[in-house]
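K.L.:
Can you keep this structure in mind? I'll have questions shortly.
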Amino acid sequence: MSTEQPTTKKYEFKAEVKQLLDILVHSLYTSREIFLRELISNSSDALDKLRFESTKGTDILDNGIPLEIKIDFDEKKKLITISDTGIGMTKDELITNIGTIAKSGSADFLKQLKESKADVNNIIGKFGVGFYSVFMVAEEVVIKTKSFKKEEPAVEWKSNGLGDYEIVELDDKLQRGTTIDIHLKEDTKDFAEKYRLETVIKKHSNFISFPIYLGSEKINTVAALWREPKSSVKKEQYNEFYKFLSYDSEEPADVIHISVDAPIQFNALMFIPKKSYDFFGYNREDYGLDLYVRRVLIQHKNKDLLPEYLGFVKGVVDSEDLPLNISRETLQENIIFTKIAQNITGQILSYLLKKAKDEPEKYAEFWKEHGRYFKLGYSDFTNMEKFQQLLRFNSSFNDKAESLTSFDDYVTRFKEGQKEIYYAFGSSKDAISQDPHLEIFKNKGLEVFYLYDPLDEFVLSSIRKYKDYELKSVDSIDLKNLDSFKDIDEKKDKPEELSKDDSKHFDSLLSKIKDILGDRVTEVNESKRLSGSPAVLVNPDDSMSSTMQKIMRMTNKEVGVQKKIFEVNKDHKLIRNLLKVYKANSKDDYITNVVEELFESALLLDGSLTDPHRLVSRLNKMLEQSSDWYTEIKKLN
Ligand code: ADP
């Protein structure tokens, strides 16, 4: 009934909003000024959305009024008013948009904020809970809004940010858009001052692509920097634009400004941040480039212009050749769009290659920050060659664990006739260099990549090859391929060769060991790869490396434990002594004990010993025995 007075209705904020508000209202963040950036950015989004509707030809209320943002202030009343002629909100939209946190992961966000692990300035904007930041400065906020949909009534929303809000339908004929009255708290009233407002707007909102009026004065630059010729843009302008775009407080590490005219016209202005944004791991959605068509924003954070592994790149792309009314849903099918995307990806990779070549130290910094993200590109088959050239690992050639080696570096150090690239995985440089599997590589002076991140091993086993060279884990190689490489130090003291008779005994000792270990191993063989260790477990040729098996087991329970080959080093003192024991009495229990101990130690090194108890109690017993012999020899009894 039209004569009835509209009634004010009270609503409660959703629980997560209450928590967020509680934090914001009661904390004294130093960067409270960012509320203004957030509200202006919401207005700018609302204007973008309206422009988008109008290019689609939607019937729009007040069509033709200028698209702009106005900021008024009254110091005495402690009041700031922000209004825009954007898309506005209906009553339902108000309730869903402002009153809940729609984005997933809000629980994580709140946790981070509570623990204040990060600067609120950085998280608020990135997480998209910007509106609520107004309660850092306001004791009351009143929103009046009128949707562009003609038949929808204007609505008013009011709250002090303490738990609930009120909504009432308005009778007045409001102009399309949204007006927000911010009643400042006593200790934040300084914000309602012209100079203060102007400084904050220039600092955070200078590149908003709609005019911002402070009182009657237009104060932002409204320049599409990416359309300017490179030579006319100053470093400070790039930096300022980057900070505006990314909410980063630091300057970018790299600026990539591209202007292409043929066959497709587009401009792109992109940045690589100094620090990785992926620091919480919860905000994986926060990537993408802003897509403009003829200076009109079509989509924020478009995710198809760049593959995900280049998601650390921030920036904008603008093309003359895409239709203005293109819908976001059909972008991916647009051939021009796809070509632009391919071109940009290629250019970024080329840029990185050039950086790696010309400024290796800077590239190492890039790798340290963004490498983990970048590695996910192992499935980008189109750009595989460039991708692989950009990968970096530590290697046995490097003195320090932080130093980096590329495939190309590695290949320049190939031994004559080498056709494979080797890698080993472990927790540290020290741990890997102690790995018995590496003994043969050290003896032959073959370089081995040292991997400390399971992801590296995953990447290498996925790409399988660099150029024509196979990538091989040191624990699953075909040793025959190493035969042609001579030991570096051939004169090294080798123990005497076994006599013919001893050799025969050794062979039967191997069968004895196989009997002891039974089907816990596939075979027991004489080792050709060991020099310092008595025994080792190896994977059958060309099977998955031990780390990969572990990764697979973690992700997919169906992969069982793969049985391995037990290799015994005939030249090791312990094995020689064991042979003596065996020759004297092939049934001596001592043999079983030693073999069990060697086997479980090898499992331990391999990372696949499930229960260490037996190993430890056997070891203790053997130590006890040896202490008896020791005291005897030393005549201490
Ligand atoms: P975000 O802007 O990241 O989505 P906010 O909490 O700042 O998060 O805003 C929530 C939503 O409220 C926006 O997504 C938008 O739909 C709506 N909104 C906020 N301000 C305006 C405005 N000035 N005009 C129209 N809609 C708005």
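Quick note on naming: the chains in the structure tokens go A, B, ... in the order shown, residues restart at 1 in each chain, and ligands are numbered from 1 in order of appearance.
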Could you pull out all residues of segment 202-431 of chain A with a DSSP call of strand (DSSP E or B) and give them as a ChimeraX atom specification?
P.N.:
/A:212-214,217-218,252-260,266-273,289-293,296-302,314-319,393-395,405,420-425
K.L.:
Residues at most 6 Å from segment 312-328 of chain A, counting only C-alpha atoms, excluding those fewer than 2 positions away in the same chain, as a list of chain:residue names?
P.N.:
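These residues fall inside the cut-off: A:Thr55, A:Lys56, A:Gln265, A:Phe266, A:Asn267, A:Ala268, A:Leu269, A:Met270, A:Phe271, A:Ile272, A:Leu289, A:Asp290, A:Leu291, A:Tyr292, A:Val293, A:Arg294, A:Leu310, A:Thr330, A:Leu331.
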K.L.:
Mind giving me the straight-line distance from atom CA of Ser41 of chain A to atom 19 (C, counted along the ligand's line) of ligand 1 in Å, one decimal?
P.N.:
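Here the two named atoms are 8.8 Å from each other.
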K.L.:
Would you please work out which residue, of A:Gly177, A:Pro540, A:Pro252, A:Gly371, is nearest to ligand 1 when using only C-alpha atoms and all ligand atoms?
P.N.:
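Ranking A:Gly177, A:Pro540, A:Pro252, A:Gly371 by distance to ligand 1, first place goes to A:Gly177.
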K.L.:
Show me which residues line ligand 1, defined as having an atom within 9 Å of a ligand atom where only C-alpha atoms and all ligand atoms count, and present them as number ranges by chain.
P.N.:
A: 38-47, 49, 82-89, 93-94, 96-103, 124-133, 143, 145-147, 177-180
